[in-house]
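K.L.:
mmCIF, N, CA, C and O atoms, saved as coords_8.cif, coming up:
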```cif
data_input
#
loop_
_atom_site.label_atom_id
_atom_site.label_comp_id
_atom_site.auth_asym_id
_atom_site.auth_seq_id
_atom_site.Cartn_x
_atom_site.Cartn_y
_atom_site.Cartn_z
N MET H 1427 0.01 -2.04 14.52
CA MET H 1427 -1.12 -1.83 13.67
C MET H 1427 -0.70 -1.94 12.22
O MET H 1427 0.40 -1.56 11.86
N ARG H 1428 -1.61 -2.41 11.40
CA ARG H 1428 -1.34 -2.57 9.97
C ARG H 1428 -1.72 -1.29 9.22
O ARG H 1428 -2.80 -0.75 9.42
N VAL H 1429 -0.80 -0.87 8.36
CA VAL H 1429 -1.05 0.28 7.50
C VAL H 1429 -0.76 -0.16 6.07
O VAL H 1429 0.29 -0.73 5.78
N VAL H 1430 -1.70 0.10 5.18
CA VAL H 1430 -1.53 -0.20 3.76
C VAL H 1430 -1.13 1.08 3.05
O VAL H 1430 -1.77 2.12 3.23
N VAL H 1431 -0.07 1.00 2.27
CA VAL H 1431 0.43 2.14 1.51
C VAL H 1431 0.30 1.82 0.03
O VAL H 1431 0.87 0.83 -0.45
N ALA H 1432 -0.45 2.62 -0.69
CA ALA H 1432 -0.60 2.47 -2.13
C ALA H 1432 0.46 3.32 -2.80
O ALA H 1432 0.46 4.54 -2.65
N GLY H 1433 1.37 2.67 -3.49
CA GLY H 1433 2.46 3.36 -4.15
C GLY H 1433 3.78 3.00 -3.51
O GLY H 1433 4.01 3.28 -2.34
N ALA H 1434 4.64 2.33 -4.29
CA ALA H 1434 5.93 1.90 -3.77
C ALA H 1434 7.07 2.71 -4.38
O ALA H 1434 8.20 2.25 -4.46
N GLY H 1435 6.75 3.92 -4.79
CA GLY H 1435 7.79 4.82 -5.27
C GLY H 1435 8.57 5.38 -4.09
O GLY H 1435 8.48 4.88 -2.96
N GLU H 1436 9.33 6.42 -4.35
CA GLU H 1436 10.17 6.99 -3.31
C GLU H 1436 9.36 7.42 -2.08
O GLU H 1436 9.74 7.13 -0.94
N THR H 1437 8.24 8.08 -2.29
CA THR H 1437 7.41 8.54 -1.17
C THR H 1437 6.83 7.37 -0.40
O THR H 1437 6.86 7.34 0.83
N GLY H 1438 6.30 6.38 -1.11
CA GLY H 1438 5.71 5.22 -0.46
C GLY H 1438 6.73 4.42 0.34
O GLY H 1438 6.45 3.98 1.46
N ARG H 1439 7.92 4.25 -0.23
CA ARG H 1439 8.98 3.52 0.49
C ARG H 1439 9.42 4.29 1.72
O ARG H 1439 9.64 3.70 2.79
N HIS H 1440 9.57 5.60 1.60
CA HIS H 1440 9.99 6.42 2.74
C HIS H 1440 8.93 6.36 3.85
O HIS H 1440 9.25 6.16 5.02
N LEU H 1441 7.68 6.52 3.47
CA LEU H 1441 6.59 6.44 4.44
C LEU H 1441 6.54 5.07 5.09
O LEU H 1441 6.39 4.94 6.31
N GLY H 1442 6.67 4.02 4.28
CA GLY H 1442 6.69 2.65 4.81
C GLY H 1442 7.81 2.44 5.81
O GLY H 1442 7.62 1.81 6.85
N ALA H 1443 8.99 2.98 5.51
CA ALA H 1443 10.12 2.84 6.43
C ALA H 1443 9.85 3.55 7.75
O ALA H 1443 10.14 3.01 8.83
N MET H 1444 9.31 4.76 7.68
CA MET H 1444 9.00 5.51 8.90
C MET H 1444 7.96 4.77 9.75
O MET H 1444 8.12 4.65 10.97
N LEU H 1445 6.91 4.27 9.11
CA LEU H 1445 5.87 3.56 9.85
C LEU H 1445 6.39 2.25 10.42
O LEU H 1445 6.04 1.87 11.54
N SER H 1446 7.23 1.57 9.66
CA SER H 1446 7.81 0.32 10.13
C SER H 1446 8.68 0.55 11.36
O SER H 1446 8.61 -0.21 12.33
N ARG H 1447 9.48 1.61 11.33
CA ARG H 1447 10.31 1.94 12.51
C ARG H 1447 9.44 2.26 13.71
O ARG H 1447 9.85 2.07 14.85
N GLY H 1448 8.22 2.74 13.45
CA GLY H 1448 7.28 3.03 14.53
C GLY H 1448 6.54 1.80 15.03
O GLY H 1448 5.66 1.92 15.88
N GLY H 1449 6.87 0.64 14.49
CA GLY H 1449 6.27 -0.60 14.98
C GLY H 1449 5.04 -1.07 14.23
O GLY H 1449 4.38 -2.01 14.65
N HIS H 1450 4.72 -0.43 13.12
CA HIS H 1450 3.55 -0.81 12.34
C HIS H 1450 3.87 -1.92 11.34
O HIS H 1450 5.00 -2.00 10.84
N ASP H 1451 2.89 -2.76 11.06
CA ASP H 1451 2.99 -3.73 9.98
C ASP H 1451 2.61 -3.00 8.69
O ASP H 1451 1.55 -2.38 8.62
N ILE H 1452 3.46 -3.11 7.69
CA ILE H 1452 3.28 -2.36 6.46
C ILE H 1452 2.95 -3.28 5.30
O ILE H 1452 3.56 -4.35 5.14
N VAL H 1453 1.99 -2.85 4.48
CA VAL H 1453 1.69 -3.51 3.22
C VAL H 1453 1.85 -2.45 2.13
O VAL H 1453 1.24 -1.39 2.21
N LEU H 1454 2.70 -2.73 1.15
CA LEU H 1454 2.89 -1.84 0.01
C LEU H 1454 2.22 -2.45 -1.21
O LEU H 1454 2.43 -3.63 -1.50
N ILE H 1455 1.43 -1.66 -1.90
CA ILE H 1455 0.76 -2.12 -3.12
C ILE H 1455 1.17 -1.21 -4.27
O ILE H 1455 1.12 0.01 -4.14
N ASP H 1456 1.57 -1.82 -5.37
CA ASP H 1456 1.95 -1.06 -6.56
C ASP H 1456 1.82 -1.96 -7.78
O ASP H 1456 1.90 -3.18 -7.66
N GLN H 1457 1.64 -1.35 -8.95
CA GLN H 1457 1.59 -2.12 -10.19
C GLN H 1457 2.99 -2.45 -10.69
O GLN H 1457 3.17 -3.40 -11.44
N ASP H 1458 3.98 -1.68 -10.28
CA ASP H 1458 5.35 -1.81 -10.78
C ASP H 1458 6.13 -2.85 -9.96
O ASP H 1458 6.49 -2.61 -8.81
N ALA H 1459 6.40 -3.99 -10.60
CA ALA H 1459 7.12 -5.06 -9.92
C ALA H 1459 8.52 -4.64 -9.50
O ALA H 1459 9.00 -5.02 -8.42
N ASP H 1460 9.19 -3.82 -10.31
CA ASP H 1460 10.54 -3.37 -9.97
C ASP H 1460 10.53 -2.51 -8.71
O ASP H 1460 11.42 -2.63 -7.85
N ALA H 1461 9.55 -1.63 -8.59
CA ALA H 1461 9.45 -0.79 -7.39
C ALA H 1461 9.21 -1.64 -6.16
O ALA H 1461 9.77 -1.38 -5.09
N LEU H 1462 8.40 -2.68 -6.30
CA LEU H 1462 8.14 -3.58 -5.16
C LEU H 1462 9.39 -4.36 -4.79
O LEU H 1462 9.67 -4.55 -3.60
N HIS H 1463 10.17 -4.82 -5.77
CA HIS H 1463 11.40 -5.54 -5.47
C HIS H 1463 12.39 -4.64 -4.74
O HIS H 1463 13.06 -5.07 -3.79
N GLU H 1464 12.47 -3.39 -5.16
CA GLU H 1464 13.35 -2.44 -4.48
C GLU H 1464 12.89 -2.22 -3.04
O GLU H 1464 13.70 -2.17 -2.12
N ALA H 1465 11.59 -2.13 -2.85
CA ALA H 1465 11.04 -1.96 -1.50
C ALA H 1465 11.33 -3.18 -0.63
O ALA H 1465 11.66 -3.05 0.55
N GLU H 1466 11.21 -4.37 -1.22
CA GLU H 1466 11.47 -5.60 -0.46
C GLU H 1466 12.91 -5.66 0.03
O GLU H 1466 13.18 -6.25 1.08
N ASP H 1467 13.84 -5.08 -0.75
CA ASP H 1467 15.25 -5.09 -0.36
C ASP H 1467 15.53 -4.19 0.84
O ASP H 1467 16.48 -4.43 1.57
N SER H 1468 14.70 -3.17 1.05
CA SER H 1468 15.00 -2.21 2.10
C SER H 1468 13.98 -2.17 3.24
O SER H 1468 14.24 -1.56 4.26
N LEU H 1469 12.83 -2.81 3.06
CA LEU H 1469 11.77 -2.73 4.07
C LEU H 1469 11.32 -4.11 4.52
O LEU H 1469 11.33 -5.06 3.74
N ASP H 1470 10.86 -4.17 5.74
CA ASP H 1470 10.18 -5.36 6.24
C ASP H 1470 8.70 -5.12 6.02
O ASP H 1470 8.01 -4.59 6.89
N ALA H 1471 8.23 -5.45 4.82
CA ALA H 1471 6.85 -5.17 4.45
C ALA H 1471 6.31 -6.26 3.54
O ALA H 1471 7.05 -6.86 2.77
N LEU H 1472 5.02 -6.48 3.64
CA LEU H 1472 4.33 -7.34 2.69
C LEU H 1472 4.12 -6.52 1.43
O LEU H 1472 3.77 -5.34 1.52
N THR H 1473 4.38 -7.09 0.26
CA THR H 1473 4.15 -6.37 -0.98
C THR H 1473 3.11 -7.10 -1.82
O THR H 1473 3.05 -8.33 -1.82
N VAL H 1474 2.30 -6.31 -2.50
CA VAL H 1474 1.26 -6.84 -3.37
C VAL H 1474 1.33 -6.10 -4.69
O VAL H 1474 1.31 -4.86 -4.70
N GLN H 1475 1.44 -6.84 -5.78
CA GLN H 1475 1.45 -6.21 -7.09
C GLN H 1475 0.03 -6.15 -7.64
O GLN H 1475 -0.67 -7.16 -7.65
N GLY H 1476 -0.37 -4.96 -8.08
CA GLY H 1476 -1.69 -4.84 -8.66
C GLY H 1476 -2.19 -3.41 -8.64
O GLY H 1476 -1.53 -2.49 -8.15
N ASP H 1477 -3.37 -3.24 -9.20
CA ASP H 1477 -4.04 -1.95 -9.33
C ASP H 1477 -4.85 -1.67 -8.07
O ASP H 1477 -5.81 -2.40 -7.77
N VAL H 1478 -4.50 -0.61 -7.34
CA VAL H 1478 -5.16 -0.31 -6.07
C VAL H 1478 -6.60 0.14 -6.22
O VAL H 1478 -7.30 0.29 -5.22
N THR H 1479 -7.06 0.34 -7.45
CA THR H 1479 -8.47 0.67 -7.65
C THR H 1479 -9.31 -0.58 -7.86
O THR H 1479 -10.50 -0.48 -8.17
N ARG H 1480 -8.74 -1.73 -7.64
CA ARG H 1480 -9.46 -3.00 -7.73
C ARG H 1480 -9.65 -3.57 -6.32
O ARG H 1480 -8.69 -3.72 -5.56
N ARG H 1481 -10.87 -3.87 -5.98
CA ARG H 1481 -11.17 -4.42 -4.65
C ARG H 1481 -10.40 -5.70 -4.39
O ARG H 1481 -9.94 -5.94 -3.28
N SER H 1482 -10.24 -6.54 -5.41
CA SER H 1482 -9.53 -7.82 -5.23
C SER H 1482 -8.07 -7.59 -4.84
O SER H 1482 -7.52 -8.35 -4.04
N VAL H 1483 -7.46 -6.55 -5.36
CA VAL H 1483 -6.06 -6.24 -5.01
C VAL H 1483 -5.99 -5.74 -3.57
O VAL H 1483 -5.12 -6.16 -2.81
N LEU H 1484 -6.92 -4.88 -3.19
CA LEU H 1484 -6.95 -4.40 -1.80
C LEU H 1484 -7.19 -5.56 -0.84
O LEU H 1484 -6.59 -5.61 0.24
N ARG H 1485 -8.03 -6.51 -1.22
CA ARG H 1485 -8.27 -7.69 -0.36
C ARG H 1485 -7.00 -8.53 -0.21
O ARG H 1485 -6.73 -9.04 0.87
N ARG H 1486 -6.22 -8.66 -1.30
CA ARG H 1486 -4.95 -9.42 -1.20
C ARG H 1486 -4.01 -8.73 -0.22
O ARG H 1486 -3.19 -9.38 0.42
N GLY H 1487 -4.13 -7.41 -0.09
CA GLY H 1487 -3.34 -6.66 0.89
C GLY H 1487 -3.97 -6.64 2.26
O GLY H 1487 -3.50 -5.95 3.15
N GLU H 1488 -5.03 -7.43 2.43
CA GLU H 1488 -5.74 -7.55 3.71
C GLU H 1488 -6.19 -6.20 4.23
O GLU H 1488 -6.02 -5.86 5.40
N ILE H 1489 -6.80 -5.43 3.35
CA ILE H 1489 -7.25 -4.09 3.70
C ILE H 1489 -8.22 -4.09 4.88
O ILE H 1489 -8.23 -3.15 5.67
N GLU H 1490 -8.99 -5.15 5.02
CA GLU H 1490 -9.96 -5.20 6.11
C GLU H 1490 -9.29 -5.25 7.49
O GLU H 1490 -9.92 -4.94 8.49
N LYS H 1491 -8.00 -5.61 7.53
CA LYS H 1491 -7.26 -5.65 8.79
C LYS H 1491 -6.49 -4.36 9.06
O LYS H 1491 -5.84 -4.22 10.08
N ALA H 1492 -6.55 -3.43 8.12
CA ALA H 1492 -5.72 -2.22 8.20
C ALA H 1492 -6.33 -1.18 9.13
O ALA H 1492 -7.53 -0.92 9.09
N TYR H 1493 -5.48 -0.58 9.92
CA TYR H 1493 -5.86 0.55 10.75
C TYR H 1493 -5.89 1.82 9.91
O TYR H 1493 -6.69 2.72 10.15
N GLY H 1494 -4.98 1.88 8.94
CA GLY H 1494 -4.89 3.06 8.11
C GLY H 1494 -4.54 2.73 6.68
O GLY H 1494 -4.03 1.66 6.37
N TYR H 1495 -4.83 3.67 5.80
CA TYR H 1495 -4.55 3.53 4.37
C TYR H 1495 -4.03 4.86 3.87
O TYR H 1495 -4.63 5.91 4.13
N VAL H 1496 -2.92 4.82 3.16
CA VAL H 1496 -2.34 6.02 2.60
C VAL H 1496 -2.08 5.78 1.11
O VAL H 1496 -1.43 4.79 0.75
N ALA H 1497 -2.58 6.66 0.27
CA ALA H 1497 -2.38 6.52 -1.17
C ALA H 1497 -1.42 7.60 -1.65
O ALA H 1497 -1.72 8.79 -1.54
N VAL H 1498 -0.26 7.18 -2.16
CA VAL H 1498 0.75 8.11 -2.64
C VAL H 1498 1.23 7.71 -4.04
O VAL H 1498 2.41 7.76 -4.34
N THR H 1499 0.29 7.32 -4.88
CA THR H 1499 0.64 7.04 -6.26
C THR H 1499 0.84 8.36 -6.99
O THR H 1499 0.58 9.44 -6.44
N ASP H 1500 1.23 8.29 -8.24
CA ASP H 1500 1.44 9.52 -9.01
C ASP H 1500 0.18 10.03 -9.70
O ASP H 1500 0.23 10.98 -10.45
N LYS H 1501 -0.96 9.42 -9.38
CA LYS H 1501 -2.23 9.82 -9.99
C LYS H 1501 -3.25 10.17 -8.91
O LYS H 1501 -3.64 9.33 -8.10
N GLY H 1502 -3.68 11.42 -8.90
CA GLY H 1502 -4.63 11.88 -7.89
C GLY H 1502 -5.94 11.13 -7.90
O GLY H 1502 -6.50 10.81 -6.85
N THR H 1503 -6.46 10.83 -9.10
CA THR H 1503 -7.74 10.12 -9.16
C THR H 1503 -7.61 8.70 -8.62
O THR H 1503 -8.53 8.22 -7.96
N THR H 1504 -6.48 8.07 -8.87
CA THR H 1504 -6.23 6.73 -8.31
C THR H 1504 -6.19 6.80 -6.80
O THR H 1504 -6.77 5.95 -6.11
N ASN H 1505 -5.52 7.81 -6.26
CA ASN H 1505 -5.44 7.98 -4.81
C ASN H 1505 -6.82 8.16 -4.18
O ASN H 1505 -7.14 7.52 -3.17
N LEU H 1506 -7.64 9.01 -4.79
CA LEU H 1506 -8.97 9.26 -4.24
C LEU H 1506 -9.87 8.03 -4.33
O LEU H 1506 -10.54 7.67 -3.35
N LEU H 1507 -9.90 7.38 -5.49
CA LEU H 1507 -10.75 6.21 -5.65
C LEU H 1507 -10.31 5.07 -4.74
O LEU H 1507 -11.14 4.44 -4.07
N SER H 1508 -9.01 4.82 -4.67
CA SER H 1508 -8.54 3.71 -3.84
C SER H 1508 -8.78 3.98 -2.36
O SER H 1508 -9.11 3.07 -1.60
N ALA H 1509 -8.67 5.24 -1.94
CA ALA H 1509 -8.95 5.58 -0.54
C ALA H 1509 -10.42 5.35 -0.21
O ALA H 1509 -10.76 4.85 0.87
N ALA H 1510 -11.30 5.69 -1.15
CA ALA H 1510 -12.72 5.45 -0.93
C ALA H 1510 -13.01 3.95 -0.84
O ALA H 1510 -13.79 3.51 0.01
N LEU H 1511 -12.37 3.16 -1.70
CA LEU H 1511 -12.56 1.71 -1.65
C LEU H 1511 -12.00 1.12 -0.35
O LEU H 1511 -12.62 0.22 0.24
N ALA H 1512 -10.85 1.62 0.08
CA ALA H 1512 -10.26 1.14 1.33
C ALA H 1512 -11.18 1.46 2.51
O ALA H 1512 -11.37 0.62 3.40
N ARG H 1513 -11.73 2.64 2.52
CA ARG H 1513 -12.65 3.04 3.60
C ARG H 1513 -13.89 2.14 3.60
O ARG H 1513 -14.31 1.68 4.67
N ALA H 1514 -14.43 1.88 2.43
CA ALA H 1514 -15.61 1.02 2.33
C ALA H 1514 -15.31 -0.41 2.77
O ALA H 1514 -16.18 -1.11 3.28
N ALA H 1515 -14.04 -0.81 2.63
CA ALA H 1515 -13.63 -2.16 3.02
C ALA H 1515 -13.30 -2.27 4.51
O ALA H 1515 -13.06 -3.35 5.02
N GLY H 1516 -13.30 -1.13 5.20
CA GLY H 1516 -13.10 -1.18 6.64
C GLY H 1516 -11.82 -0.57 7.16
O GLY H 1516 -11.55 -0.56 8.35
N ALA H 1517 -10.96 -0.06 6.27
CA ALA H 1517 -9.71 0.57 6.74
C ALA H 1517 -10.00 1.93 7.34
O ALA H 1517 -10.99 2.56 7.03
#
```
Reformat the file's structure so that it appears as structure tokens.
P.N.:
Amino acid sequence: MRVVVAGAGETGRHLGAMLSRGGHDIVLIDQDADALHEAEDSLDALTVQGDVTRRSVLRRGEIEKAYGYVAVTDKGTTNLLSAALARAAGA
């Protein structure tokens, strides 16, 4: 199953690794290109650079195919808004 994780910081990478070991397809989305490059070095995950509060960015992460969505950015309002958008998109 596909799981989209918003936030490629330490928490997002750790969560992505755990889900990947569990057999899930992981998509990591973050605005920070360096965090995504670090994630690419350690995870088998699709990465998308961009603002998770934008529908176009969530679509690039194929949110409509996602079984689950987890937002672990450092901003609570971003997490809430992006989760609502992900839900509306079908995740």
K.L.:
Hey, can you check how far CA of Gly1448 (chain H) sits from CA of Ala1434 (chain H)?
P.N.:
18.4 Å
K.L.:
Please enumerate the residues selected by the PyMOL selection byres ((chain H and resi 1428) around 8) when evaluated against the supplied file, formatted as a list in words.
P.N.:
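What the PyMOL selection byres ((chain H and resi 1428) around 8) grabs from the file is Met1427, Val1429, Val1430, Val1431, Gly1449, His1450, Asp1451, Ile1452, Val1453, Gly1487, Glu1488, Ile1489, Lys1491, Ala1492, Tyr1493, Gly1494, Tyr1495 and Ala1517 of chain H.
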K.L.:
At a cut-off of 10 Å, using only C-alpha atoms, what residues contact Val1483 (chain H)? Leave out same-chain residues fewer than 5 positions from it and give the result as JSON, numbers by chain.
P.N.:
{"H": [1455, 1456, 1474, 1475, 1476, 1477, 1478, 1488, 1489]}
K.L.:
Please produce a file of those selected residues containing N, CA, C and O atoms, as a PDB file, keeping the file's coordinate frame.
P.N.:
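part_28.pdb written:
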```pdb
ATOM      1  N   ILE H1455       1.430  -1.660  -1.900  1.00  0.00           N
ATOM      2  CA  ILE H1455       0.760  -2.120  -3.120  1.00  0.00           C
ATOM      3  C   ILE H1455       1.170  -1.210  -4.270  1.00  0.00           C
ATOM      4  O   ILE H1455       1.120   0.010  -4.140  1.00  0.00           O
ATOM      5  N   ASP H1456       1.570  -1.820  -5.370  1.00  0.00           N
ATOM      6  CA  ASP H1456       1.950  -1.060  -6.560  1.00  0.00           C
ATOM      7  C   ASP H1456       1.820  -1.960  -7.780  1.00  0.00           C
ATOM      8  O   ASP H1456       1.900  -3.180  -7.660  1.00  0.00           O
ATOM      9  N   VAL H1474       2.300  -6.310  -2.500  1.00  0.00           N
ATOM     10  CA  VAL H1474       1.260  -6.840  -3.370  1.00  0.00           C
ATOM     11  C   VAL H1474       1.330  -6.100  -4.690  1.00  0.00           C
ATOM     12  O   VAL H1474       1.310  -4.860  -4.700  1.00  0.00           O
ATOM     13  N   GLN H1475       1.440  -6.840  -5.780  1.00  0.00           N
ATOM     14  CA  GLN H1475       1.450  -6.210  -7.090  1.00  0.00           C
ATOM     15  C   GLN H1475       0.030  -6.150  -7.640  1.00  0.00           C
ATOM     16  O   GLN H1475      -0.670  -7.160  -7.650  1.00  0.00           O
ATOM     17  N   GLY H1476      -0.370  -4.960  -8.080  1.00  0.00           N
ATOM     18  CA  GLY H1476      -1.690  -4.840  -8.660  1.00  0.00           C
ATOM     19  C   GLY H1476      -2.190  -3.410  -8.640  1.00  0.00           C
ATOM     20  O   GLY H1476      -1.530  -2.490  -8.150  1.00  0.00           O
ATOM     21  N   ASP H1477      -3.370  -3.240  -9.200  1.00  0.00           N
ATOM     22  CA  ASP H1477      -4.040  -1.950  -9.330  1.00  0.00           C
ATOM     23  C   ASP H1477      -4.850  -1.670  -8.070  1.00  0.00           C
ATOM     24  O   ASP H1477      -5.810  -2.400  -7.770  1.00  0.00           O
ATOM     25  N   VAL H1478      -4.500  -0.610  -7.340  1.00  0.00           N
ATOM     26  CA  VAL H1478      -5.160  -0.310  -6.070  1.00  0.00           C
ATOM     27  C   VAL H1478      -6.600   0.140  -6.220  1.00  0.00           C
ATOM     28  O   VAL H1478      -7.300   0.290  -5.220  1.00  0.00           O
ATOM     29  N   GLU H1488      -5.030  -7.430   2.430  1.00  0.00           N
ATOM     30  CA  GLU H1488      -5.740  -7.550   3.710  1.00  0.00           C
ATOM     31  C   GLU H1488      -6.190  -6.200   4.230  1.00  0.00           C
ATOM     32  O   GLU H1488      -6.020  -5.860   5.400  1.00  0.00           O
ATOM     33  N   ILE H1489      -6.800  -5.430   3.350  1.00  0.00           N
ATOM     34  CA  ILE H1489      -7.250  -4.090   3.700  1.00  0.00           C
ATOM     35  C   ILE H1489      -8.220  -4.090   4.880  1.00  0.00           C
ATOM     36  O   ILE H1489      -8.230  -3.150   5.670  1.00  0.00           O
TER      37      ILE H1489
END
```
K.L.:
Got a sec to resolve the PyMOL selection byres ((chain H and resi 1471) around 8) on this structure and send the residues as number ranges by chain?
P.N.:
H: 1442, 1446, 1450-1454, 1462, 1465-1470, 1472-1474
K.L.:
Mind giving me the straight-line distance from atom C of Leu1441 (chain H) to atom N of His1463 (chain H) in Å, one decimal?
P.N.:
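Taking atom C of Leu1441 (chain H) as the start and atom N of His1463 (chain H) as the end point, the length is 15.1 Å.
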K.L.:
Would you mind putting all heavy atoms back on region 1478-1486 of chain H and writing the result as a JSON list (two decimals), in the frame of the given file?
P.N.:
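Below is the file part07.json, written as the result:
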```
[["chain", "number", "residue", "atom", "x", "y", "z"],
["H", 1478, "VAL", "N", -4.50, -0.61, -7.34],
["H", 1478, "VAL", "CA", -5.16, -0.31, -6.07],
["H", 1478, "VAL", "C", -6.60, 0.14, -6.22],
["H", 1478, "VAL", "O", -7.30, 0.29, -5.22],
["H", 1478, "VAL", "CB", -4.38, 0.73, -5.23],
["H", 1478, "VAL", "CG1", -3.05, 0.17, -4.79],
["H", 1478, "VAL", "CG2", -4.22, 2.04, -5.98],
["H", 1479, "THR", "N", -7.06, 0.34, -7.45],
["H", 1479, "THR", "CA", -8.47, 0.67, -7.65],
["H", 1479, "THR", "C", -9.31, -0.58, -7.86],
["H", 1479, "THR", "O", -10.50, -0.48, -8.17],
["H", 1479, "THR", "CB", -8.67, 1.64, -8.84],
["H", 1479, "THR", "OG1", -8.26, 1.00, -10.05],
["H", 1479, "THR", "CG2", -7.90, 2.92, -8.62],
["H", 1480, "ARG", "N", -8.74, -1.73, -7.64],
["H", 1480, "ARG", "CA", -9.46, -3.00, -7.73],
["H", 1480, "ARG", "C", -9.65, -3.57, -6.32],
["H", 1480, "ARG", "O", -8.69, -3.72, -5.56],
["H", 1480, "ARG", "CB", -8.67, -4.01, -8.57],
["H", 1480, "ARG", "CG", -8.41, -3.54, -9.97],
["H", 1480, "ARG", "CD", -9.06, -4.49, -10.88],
["H", 1480, "ARG", "NE", -8.86, -4.10, -12.26],
["H", 1480, "ARG", "CZ", -9.84, -4.07, -13.12],
["H", 1480, "ARG", "NH1", -11.06, -4.38, -12.74],
["H", 1480, "ARG", "NH2", -9.61, -3.74, -14.36],
["H", 1481, "ARG", "N", -10.87, -3.87, -5.98],
["H", 1481, "ARG", "CA", -11.17, -4.42, -4.65],
["H", 1481, "ARG", "C", -10.40, -5.70, -4.39],
["H", 1481, "ARG", "O", -9.94, -5.94, -3.28],
["H", 1481, "ARG", "CB", -12.67, -4.67, -4.52],
["H", 1481, "ARG", "CG", -13.48, -3.42, -4.36],
["H", 1481, "ARG", "CD", -14.97, -3.74, -4.19],
["H", 1481, "ARG", "NE", -15.74, -2.55, -3.99],
["H", 1481, "ARG", "CZ", -16.37, -1.89, -4.95],
["H", 1481, "ARG", "NH1", -16.33, -2.33, -6.20],
["H", 1481, "ARG", "NH2", -17.05, -0.80, -4.69],
["H", 1482, "SER", "N", -10.24, -6.54, -5.41],
["H", 1482, "SER", "CA", -9.53, -7.82, -5.23],
["H", 1482, "SER", "C", -8.07, -7.59, -4.84],
["H", 1482, "SER", "O", -7.52, -8.35, -4.04],
["H", 1482, "SER", "CB", -9.61, -8.66, -6.50],
["H", 1482, "SER", "OG", -9.01, -7.99, -7.60],
["H", 1483, "VAL", "N", -7.46, -6.55, -5.36],
["H", 1483, "VAL", "CA", -6.06, -6.24, -5.01],
["H", 1483, "VAL", "C", -5.99, -5.74, -3.57],
["H", 1483, "VAL", "O", -5.12, -6.16, -2.81],
["H", 1483, "VAL", "CB", -5.47, -5.22, -5.99],
["H", 1483, "VAL", "CG1", -4.10, -4.74, -5.54],
["H", 1483, "VAL", "CG2", -5.39, -5.82, -7.40],
["H", 1484, "LEU", "N", -6.92, -4.88, -3.19],
["H", 1484, "LEU", "CA", -6.95, -4.40, -1.80],
["H", 1484, "LEU", "C", -7.19, -5.56, -0.84],
["H", 1484, "LEU", "O", -6.59, -5.61, 0.24],
["H", 1484, "LEU", "CB", -8.01, -3.32, -1.63],
["H", 1484, "LEU", "CG", -7.74, -2.01, -2.37],
["H", 1484, "LEU", "CD1", -8.93, -1.07, -2.22],
["H", 1484, "LEU", "CD2", -6.47, -1.35, -1.86],
["H", 1485, "ARG", "N", -8.03, -6.51, -1.22],
["H", 1485, "ARG", "CA", -8.27, -7.69, -0.36],
["H", 1485, "ARG", "C", -7.00, -8.53, -0.21],
["H", 1485, "ARG", "O", -6.73, -9.04, 0.87],
["H", 1485, "ARG", "CB", -9.42, -8.52, -0.90],
["H", 1485, "ARG", "CG", -10.78, -7.95, -0.57],
["H", 1485, "ARG", "CD", -11.91, -8.95, -0.83],
["H", 1485, "ARG", "NE", -12.04, -9.29, -2.23],
["H", 1485, "ARG", "CZ", -12.81, -8.66, -3.12],
["H", 1485, "ARG", "NH1", -13.55, -7.64, -2.72],
["H", 1485, "ARG", "NH2", -12.85, -9.04, -4.37],
["H", 1486, "ARG", "N", -6.22, -8.66, -1.30],
["H", 1486, "ARG", "CA", -4.95, -9.42, -1.20],
["H", 1486, "ARG", "C", -4.01, -8.73, -0.22],
["H", 1486, "ARG", "O", -3.19, -9.38, 0.42],
["H", 1486, "ARG", "CB", -4.28, -9.55, -2.57],
["H", 1486, "ARG", "CG", -4.89, -10.61, -3.41],
["H", 1486, "ARG", "CD", -4.05, -10.90, -4.62],
["H", 1486, "ARG", "NE", -3.52, -9.65, -5.15],
["H", 1486, "ARG", "CZ", -3.20, -9.45, -6.41],
["H", 1486, "ARG", "NH1", -3.34, -10.40, -7.30],
["H", 1486, "ARG", "NH2", -2.74, -8.28, -6.81]]
```
